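Quick look at protein14.pdb (PDB, C-alpha atoms):
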```pdb
ATOM      1  CA  MET B  11      24.720  44.546  25.106  1.00  0.00           C
ATOM      2  CA  GLN B  12      22.559  41.674  23.860  1.00  0.00           C
ATOM      3  CA  LYS B  13      23.655  38.087  24.127  1.00  0.00           C
ATOM      4  CA  THR B  14      24.172  36.043  20.977  1.00  0.00           C
ATOM      5  CA  HIS B  15      24.454  32.298  20.614  1.00  0.00           C
ATOM      6  CA  PRO B  16      27.821  30.934  21.745  1.00  0.00           C
ATOM      7  CA  SER B  17      28.690  29.656  18.283  1.00  0.00           C
ATOM      8  CA  GLY B  18      28.727  33.188  16.925  1.00  0.00           C
ATOM      9  CA  LEU B  19      27.117  31.894  13.730  1.00  0.00           C
ATOM     10  CA  LEU B  20      23.728  33.215  14.661  1.00  0.00           C
ATOM     11  CA  GLN B  21      23.781  36.974  14.922  1.00  0.00           C
ATOM     12  CA  GLN B  22      20.218  37.376  16.176  1.00  0.00           C
ATOM     13  CA  PRO B  23      19.916  38.071  19.871  1.00  0.00           C
ATOM     14  CA  ILE B  24      18.812  35.096  21.955  1.00  0.00           C
ATOM     15  CA  ALA B  25      15.937  37.052  23.504  1.00  0.00           C
ATOM     16  CA  ALA B  26      14.439  37.755  20.066  1.00  0.00           C
ATOM     17  CA  ALA B  27      14.574  34.092  19.076  1.00  0.00           C
ATOM     18  CA  GLU B  28      12.991  33.007  22.348  1.00  0.00           C
ATOM     19  CA  SER B  29      10.190  35.555  22.157  1.00  0.00           C
ATOM     20  CA  ARG B  30       8.732  34.164  18.922  1.00  0.00           C
ATOM     21  CA  PRO B  31       5.683  31.962  19.467  1.00  0.00           C
ATOM     22  CA  ALA B  32       6.330  28.272  18.930  1.00  0.00           C
ATOM     23  CA  THR B  33       4.331  26.752  16.079  1.00  0.00           C
ATOM     24  CA  ILE B  34       2.801  23.332  16.440  1.00  0.00           C
ATOM     25  CA  TRP B  35       3.051  22.475  12.762  1.00  0.00           C
ATOM     26  CA  SER B  36       4.758  24.151   9.865  1.00  0.00           C
ATOM     27  CA  LEU B  37       2.839  25.255   6.792  1.00  0.00           C
ATOM     28  CA  GLU B  38       4.165  22.178   4.970  1.00  0.00           C
ATOM     29  CA  GLU B  39       2.738  19.876   7.646  1.00  0.00           C
ATOM     30  CA  TRP B  40      -0.661  21.623   7.483  1.00  0.00           C
ATOM     31  CA  GLU B  41      -0.689  21.228   3.710  1.00  0.00           C
ATOM     32  CA  LEU B  42       0.249  17.555   3.987  1.00  0.00           C
ATOM     33  CA  THR B  43      -2.503  17.049   6.572  1.00  0.00           C
ATOM     34  CA  ILE B  44      -5.125  18.634   4.322  1.00  0.00           C
ATOM     35  CA  VAL B  45      -4.057  16.507   1.342  1.00  0.00           C
ATOM     36  CA  PHE B  46      -3.895  13.382   3.514  1.00  0.00           C
ATOM     37  CA  VAL B  47      -7.361  13.947   5.002  1.00  0.00           C
ATOM     38  CA  GLY B  48      -8.806  14.560   1.524  1.00  0.00           C
ATOM     39  CA  LEU B  49      -7.266  11.388   0.101  1.00  0.00           C
ATOM     40  CA  TYR B  50      -8.291   9.425   3.180  1.00  0.00           C
ATOM     41  CA  LEU B  51     -11.916  10.522   2.757  1.00  0.00           C
ATOM     42  CA  VAL B  52     -11.899   9.658  -0.960  1.00  0.00           C
ATOM     43  CA  LEU B  53     -10.482   6.183  -0.260  1.00  0.00           C
ATOM     44  CA  GLU B  54     -12.966   5.726   2.583  1.00  0.00           C
ATOM     45  CA  ARG B  55     -15.876   6.605   0.306  1.00  0.00           C
ATOM     46  CA  VAL B  56     -14.701   4.350  -2.525  1.00  0.00           C
ATOM     47  CA  SER B  57     -14.167   1.396  -0.191  1.00  0.00           C
ATOM     48  CA  PHE B  58     -17.302   1.832   1.904  1.00  0.00           C
ATOM     49  CA  ILE B  59     -19.057  -1.308   0.686  1.00  0.00           C
ATOM     50  CA  HIS B  60     -21.013  -3.934   2.637  1.00  0.00           C
ATOM     51  CA  PRO B  61     -20.612  -2.278   6.054  1.00  0.00           C
ATOM     52  CA  TRP B  62     -21.408  -4.158   9.243  1.00  0.00           C
ATOM     53  CA  THR B  63     -24.634  -2.519  10.382  1.00  0.00           C
ATOM     54  CA  ALA B  64     -23.846  -0.927  13.739  1.00  0.00           C
ATOM     55  CA  THR B  65     -20.101  -0.369  13.412  1.00  0.00           C
ATOM     56  CA  GLY B  66     -19.626   0.361   9.730  1.00  0.00           C
ATOM     57  CA  ILE B  67     -16.716  -2.084   9.486  1.00  0.00           C
ATOM     58  CA  THR B  68     -16.051  -2.909   5.851  1.00  0.00           C
ATOM     59  CA  PRO B  69     -14.047  -5.803   4.370  1.00  0.00           C
ATOM     60  CA  TRP B  70     -11.678  -3.523   2.447  1.00  0.00           C
ATOM     61  CA  ASN B  71      -9.827  -0.504   3.874  1.00  0.00           C
ATOM     62  CA  PRO B  72      -7.143   0.933   1.570  1.00  0.00           C
ATOM     63  CA  GLN B  73      -7.092   4.199   3.546  1.00  0.00           C
ATOM     64  CA  ILE B  74      -5.192   2.404   6.322  1.00  0.00           C
ATOM     65  CA  ALA B  75      -2.277   1.829   3.923  1.00  0.00           C
ATOM     66  CA  LEU B  76      -2.291   5.559   3.236  1.00  0.00           C
ATOM     67  CA  ALA B  77      -2.268   6.194   6.997  1.00  0.00           C
ATOM     68  CA  LEU B  78       0.689   3.854   7.506  1.00  0.00           C
ATOM     69  CA  GLY B  79       2.520   5.631   4.681  1.00  0.00           C
ATOM     70  CA  LEU B  80       1.964   8.967   6.414  1.00  0.00           C
ATOM     71  CA  VAL B  81       3.315   7.564   9.673  1.00  0.00           C
ATOM     72  CA  LEU B  82       6.373   6.239   7.822  1.00  0.00           C
ATOM     73  CA  ILE B  83       6.973   9.714   6.391  1.00  0.00           C
ATOM     74  CA  ARG B  84       6.088  11.901   9.394  1.00  0.00           C
ATOM     75  CA  GLY B  85       6.503   9.584  12.357  1.00  0.00           C
ATOM     76  CA  LEU B  86       4.473  10.297  15.473  1.00  0.00           C
ATOM     77  CA  ARG B  87       3.558  13.755  14.143  1.00  0.00           C
ATOM     78  CA  ALA B  88       1.131  11.954  11.811  1.00  0.00           C
ATOM     79  CA  ALA B  89      -1.188  10.953  14.681  1.00  0.00           C
ATOM     80  CA  PRO B  90      -3.238  14.190  14.788  1.00  0.00           C
ATOM     81  CA  ALA B  91      -3.825  14.085  11.018  1.00  0.00           C
ATOM     82  CA  LEU B  92      -4.916  10.459  11.249  1.00  0.00           C
ATOM     83  CA  LEU B  93      -7.289  11.214  14.130  1.00  0.00           C
ATOM     84  CA  ILE B  94      -8.828  14.116  12.183  1.00  0.00           C
ATOM     85  CA  ALA B  95      -9.235  11.909   9.099  1.00  0.00           C
ATOM     86  CA  ILE B  96     -10.896   9.095  11.050  1.00  0.00           C
ATOM     87  CA  LEU B  97     -13.297  11.417  12.864  1.00  0.00           C
ATOM     88  CA  LEU B  98     -14.266  13.213   9.636  1.00  0.00           C
ATOM     89  CA  SER B  99     -14.693   9.850   7.934  1.00  0.00           C
ATOM     90  CA  GLU B 100     -17.049   8.699  10.672  1.00  0.00           C
ATOM     91  CA  ALA B 101     -19.070  11.905  10.398  1.00  0.00           C
ATOM     92  CA  LEU B 102     -19.149  12.340   6.619  1.00  0.00           C
ATOM     93  CA  VAL B 103     -18.870   8.874   5.074  1.00  0.00           C
ATOM     94  CA  ARG B 104     -19.753   6.160   7.546  1.00  0.00           C
ATOM     95  CA  GLN B 105     -22.494   7.951   9.477  1.00  0.00           C
ATOM     96  CA  THR B 106     -22.817   5.043  11.883  1.00  0.00           C
ATOM     97  CA  PRO B 107     -25.626   5.179  14.437  1.00  0.00           C
ATOM     98  CA  ALA B 108     -23.112   4.770  17.267  1.00  0.00           C
ATOM     99  CA  PRO B 109     -23.001   7.256  20.140  1.00  0.00           C
ATOM    100  CA  PHE B 110     -20.261   9.884  20.010  1.00  0.00           C
ATOM    101  CA  GLY B 111     -18.351   8.228  22.865  1.00  0.00           C
ATOM    102  CA  ALA B 112     -18.076   4.975  20.908  1.00  0.00           C
ATOM    103  CA  VAL B 113     -17.000   6.820  17.750  1.00  0.00           C
ATOM    104  CA  ALA B 114     -14.379   8.881  19.622  1.00  0.00           C
ATOM    105  CA  LEU B 115     -13.022   5.828  21.433  1.00  0.00           C
ATOM    106  CA  GLY B 116     -12.870   3.862  18.177  1.00  0.00           C
ATOM    107  CA  ALA B 117     -11.043   6.710  16.440  1.00  0.00           C
ATOM    108  CA  ALA B 118      -8.568   6.921  19.318  1.00  0.00           C
ATOM    109  CA  ILE B 119      -7.993   3.151  19.225  1.00  0.00           C
ATOM    110  CA  MET B 120      -7.373   3.140  15.472  1.00  0.00           C
ATOM    111  CA  THR B 121      -5.165   6.237  15.624  1.00  0.00           C
ATOM    112  CA  ALA B 122      -3.025   4.874  18.439  1.00  0.00           C
ATOM    113  CA  GLY B 123      -2.862   1.400  16.928  1.00  0.00           C
ATOM    114  CA  TYR B 124      -1.960   2.331  13.382  1.00  0.00           C
ATOM    115  CA  THR B 125       0.425   5.061  14.514  1.00  0.00           C
ATOM    116  CA  ALA B 126       2.184   2.515  16.719  1.00  0.00           C
ATOM    117  CA  ALA B 127       2.260  -0.018  13.869  1.00  0.00           C
ATOM    118  CA  GLY B 128       3.725   2.521  11.443  1.00  0.00           C
ATOM    119  CA  PHE B 129       6.212   3.704  14.043  1.00  0.00           C
ATOM    120  CA  ALA B 130       7.271   0.114  14.785  1.00  0.00           C
ATOM    121  CA  LEU B 131       7.601  -0.567  11.088  1.00  0.00           C
ATOM    122  CA  SER B 132       9.750   2.520  10.549  1.00  0.00           C
ATOM    123  CA  ARG B 133      12.007   1.474  13.448  1.00  0.00           C
ATOM    124  CA  ARG B 134      12.451  -2.068  12.136  1.00  0.00           C
ATOM    125  CA  LEU B 135      13.223  -1.244   8.516  1.00  0.00           C
ATOM    126  CA  ALA B 136      16.877  -0.600   7.713  1.00  0.00           C
ATOM    127  CA  VAL B 137      16.094   2.615   5.859  1.00  0.00           C
ATOM    128  CA  ARG B 138      12.923   4.439   6.895  1.00  0.00           C
ATOM    129  CA  GLY B 139      10.084   3.167   4.720  1.00  0.00           C
ATOM    130  CA  ARG B 140      12.258   1.040   2.453  1.00  0.00           C
ATOM    131  CA  ILE B 141      12.500  -2.706   2.251  1.00  0.00           C
ATOM    132  CA  ARG B 142      16.131  -3.566   1.623  1.00  0.00           C
ATOM    133  CA  SER B 143      16.366  -7.165   2.756  1.00  0.00           C
ATOM    134  CA  LEU B 144      14.400 -10.306   3.418  1.00  0.00           C
ATOM    135  CA  ARG B 145      14.604  -9.417   7.114  1.00  0.00           C
ATOM    136  CA  ASP B 146      12.895  -6.063   6.431  1.00  0.00           C
ATOM    137  CA  PHE B 147      10.204  -7.857   4.445  1.00  0.00           C
ATOM    138  CA  ALA B 148       9.633 -10.377   7.255  1.00  0.00           C
ATOM    139  CA  TRP B 149       9.284  -7.554   9.804  1.00  0.00           C
ATOM    140  CA  MET B 150       6.861  -5.757   7.531  1.00  0.00           C
ATOM    141  CA  LEU B 151       4.715  -8.881   7.110  1.00  0.00           C
ATOM    142  CA  GLY B 152       4.783  -9.566  10.836  1.00  0.00           C
ATOM    143  CA  ILE B 153       3.789  -6.047  11.841  1.00  0.00           C
ATOM    144  CA  LEU B 154       1.188  -5.616   9.110  1.00  0.00           C
ATOM    145  CA  SER B 155      -0.466  -8.937   9.905  1.00  0.00           C
ATOM    146  CA  THR B 156      -0.537  -8.646  13.694  1.00  0.00           C
ATOM    147  CA  ALA B 157      -1.451  -4.942  13.913  1.00  0.00           C
ATOM    148  CA  PRO B 158      -4.968  -5.301  12.418  1.00  0.00           C
ATOM    149  CA  LEU B 159      -5.615  -8.338  14.618  1.00  0.00           C
ATOM    150  CA  LEU B 160      -4.635  -6.480  17.798  1.00  0.00           C
ATOM    151  CA  ILE B 161      -6.277  -3.193  16.824  1.00  0.00           C
ATOM    152  CA  GLY B 162      -9.381  -5.000  15.582  1.00  0.00           C
ATOM    153  CA  SER B 163      -9.683  -6.967  18.815  1.00  0.00           C
ATOM    154  CA  VAL B 164      -9.606  -3.798  20.906  1.00  0.00           C
ATOM    155  CA  TYR B 165     -11.874  -1.920  18.485  1.00  0.00           C
ATOM    156  CA  VAL B 166     -14.500  -4.644  18.203  1.00  0.00           C
ATOM    157  CA  GLY B 167     -14.280  -5.232  21.958  1.00  0.00           C
ATOM    158  CA  SER B 168     -14.962  -1.559  22.638  1.00  0.00           C
ATOM    159  CA  ASN B 169     -17.936  -1.706  20.274  1.00  0.00           C
ATOM    160  CA  ALA B 170     -19.203  -4.756  22.146  1.00  0.00           C
ATOM    161  CA  LEU B 171     -18.894  -2.853  25.432  1.00  0.00           C
ATOM    162  CA  PHE B 172     -21.038  -0.077  23.947  1.00  0.00           C
ATOM    163  CA  GLY B 173     -23.590  -2.683  22.848  1.00  0.00           C
ATOM    164  CA  LEU B 174     -23.015  -2.123  19.124  1.00  0.00           C
ATOM    165  CA  VAL B 175     -21.809  -5.689  18.577  1.00  0.00           C
ATOM    166  CA  GLU B 176     -22.993  -8.764  20.406  1.00  0.00           C
ATOM    167  CA  TRP B 177     -20.240 -10.755  22.046  1.00  0.00           C
ATOM    168  CA  ALA B 178     -21.430 -13.846  20.148  1.00  0.00           C
ATOM    169  CA  ALA B 179     -20.677 -12.042  16.870  1.00  0.00           C
ATOM    170  CA  PHE B 180     -17.217 -10.935  18.024  1.00  0.00           C
ATOM    171  CA  PRO B 181     -15.237 -13.469  15.913  1.00  0.00           C
ATOM    172  CA  GLU B 182     -17.249 -12.714  12.772  1.00  0.00           C
ATOM    173  CA  VAL B 183     -16.906  -8.938  13.172  1.00  0.00           C
ATOM    174  CA  LEU B 184     -13.192  -9.264  13.996  1.00  0.00           C
ATOM    175  CA  LEU B 185     -12.670 -11.349  10.860  1.00  0.00           C
ATOM    176  CA  ARG B 186     -14.437  -8.654   8.825  1.00  0.00           C
ATOM    177  CA  TYR B 187     -12.213  -6.016  10.436  1.00  0.00           C
TER     178      TYR B 187
END
```

Turn this file's structure into structure tokens for me.
Amino acid sequence: MQKTHPSGLLQQPIAAAESRPATIWSLEEWELTIVFVGLYLVLERVSFIHPWTATGITPWNPQIALALGLVLIRGLRAAPALLIAILLSEALVRQTPAPFGAVALGAAIMTAGYTAAGFALSRRLAVRGRIRSLRDFAWMLGILSTAPLLIGSVYVGSNALFGLVEWAAFPEVLLRY
């Protein structure tokens, strides 16, 4: 006799349910990732103007708002899609002369930073992704103004460690970021 779940509502044997391979993402999440990466690359291309020579930092980055929106919708599961989008953007749009280690570290810094910012924002808002009060708006402004400063400091600092930015230019490059 095969065991069934204690609730009796599920008539499939437990062994059959446990033997199915676990999927990392559902088809819906794969589709969302593909659409997100495509939109991210389009926004990256449109906004890729006046880049800082060695790092490719531009003064306008609307794709980050798209990334934060994805994190608000999907939570921490958005991080892999964001990392893929950033790496593809570096390879296809930015084509910076930086070594792969610097590009990978920068992508990891931005992914972790903006995922954390979106996650913090989703935790602070009363309803996930919705601004319902002045308090929600203040939290949003606080997070969205400090996150680029913190992420930019780490990102520009890592580029300075790789020799892509001179330490004397750090404030100027950070301001551009």

Quick one: pull the distance between atom CA of B:Ile74 and atom CA of B:Leu131, Å, one decimal.
->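 Atom CA of B:Leu131 lies at a distance of 14.0 Å from atom CA of B:Ile74.
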
Return as an mmCIF file with C-alpha atoms, in the coordinates of the input the set of residues that the PyMOL selection byres ((chain B and resi 72) around 12) yields on the displayed structure.
```cif
data_model
loop_
_atom_site.group_PDB
_atom_site.id
_atom_site.type_symbol
_atom_site.label_atom_id
_atom_site.label_comp_id
_atom_site.auth_asym_id
_atom_site.auth_seq_id
_atom_site.Cartn_x
_atom_site.Cartn_y
_atom_site.Cartn_z
ATOM 1 C CA LEU B 49 -7.266 11.388 0.101
ATOM 2 C CA TYR B 50 -8.291 9.425 3.180
ATOM 3 C CA LEU B 51 -11.916 10.522 2.757
ATOM 4 C CA VAL B 52 -11.899 9.658 -0.960
ATOM 5 C CA LEU B 53 -10.482 6.183 -0.260
ATOM 6 C CA GLU B 54 -12.966 5.726 2.583
ATOM 7 C CA ARG B 55 -15.876 6.605 0.306
ATOM 8 C CA VAL B 56 -14.701 4.350 -2.525
ATOM 9 C CA SER B 57 -14.167 1.396 -0.191
ATOM 10 C CA PHE B 58 -17.302 1.832 1.904
ATOM 11 C CA THR B 68 -16.051 -2.909 5.851
ATOM 12 C CA PRO B 69 -14.047 -5.803 4.370
ATOM 13 C CA TRP B 70 -11.678 -3.523 2.447
ATOM 14 C CA ASN B 71 -9.827 -0.504 3.874
ATOM 15 C CA GLN B 73 -7.092 4.199 3.546
ATOM 16 C CA ILE B 74 -5.192 2.404 6.322
ATOM 17 C CA ALA B 75 -2.277 1.829 3.923
ATOM 18 C CA LEU B 76 -2.291 5.559 3.236
ATOM 19 C CA ALA B 77 -2.268 6.194 6.997
ATOM 20 C CA LEU B 78 0.689 3.854 7.506
ATOM 21 C CA GLY B 79 2.520 5.631 4.681
#
```

Measure the distance from atom CA of B:Ile161 to atom CA of B:Glu39 in Å and round it to one decimal.
->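 Atom-to-atom, atom CA of B:Ile161 and atom CA of B:Glu39 are spaced 26.4 Å apart.
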
Out of B:Ala127, B:Gln105, B:Arg133, B:Ala170, which residue has the shortest atom-to-atom distance to B:Ser155 when counting all atoms listed in the file?
-> B:Ala127

Using the chain letters and numbering of this document, enumerate as a list in words the residues selected by the PyMOL selection byres ((chain B and resi 182) around 12).
->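 Selected by the PyMOL selection byres ((chain B and resi 182) around 12) in this file: Trp62, Ile67, Pro69, Gly162, Ser163, Val166, Val175, Glu176, Trp177, Ala178, Ala179, Phe180, Pro181, Val183, Leu184, Leu185, Arg186 and Tyr187 of chain B.
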
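Counting all atoms listed in the file, the residue from B:Leu171, B:Met120, B:Leu98, B:Ala130 that sits nearest to B:Gly48 is B:Leu98.
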
Find, counting all atoms listed in the file, the residue in B:Thr156, B:Thr43, B:Ser36, B:Thr65 that gets nearest to B:Pro109.
->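 Closest to B:Pro109, using all atoms listed in the file: B:Thr65.
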
Specify the axis-aligned box that encloses all atoms of stretch 105-120 of chain B listed in the file after padding of 5 Å on each side, stating its centre and edge lengths in Å to one decimal as JSON.
```
{"center_x": -16.5, "center_y": 6.5, "center_z": 16.2, "size_x": 28.3, "size_y": 16.7, "size_z": 23.4}
```

Would you mind reading off the distance between atom CA of B:Val103 and atom CA of B:Ala117, one decimal, in Å?
->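 Computed distance, atom CA of B:Val103 to atom CA of B:Ala117, equals 14.0 Å.
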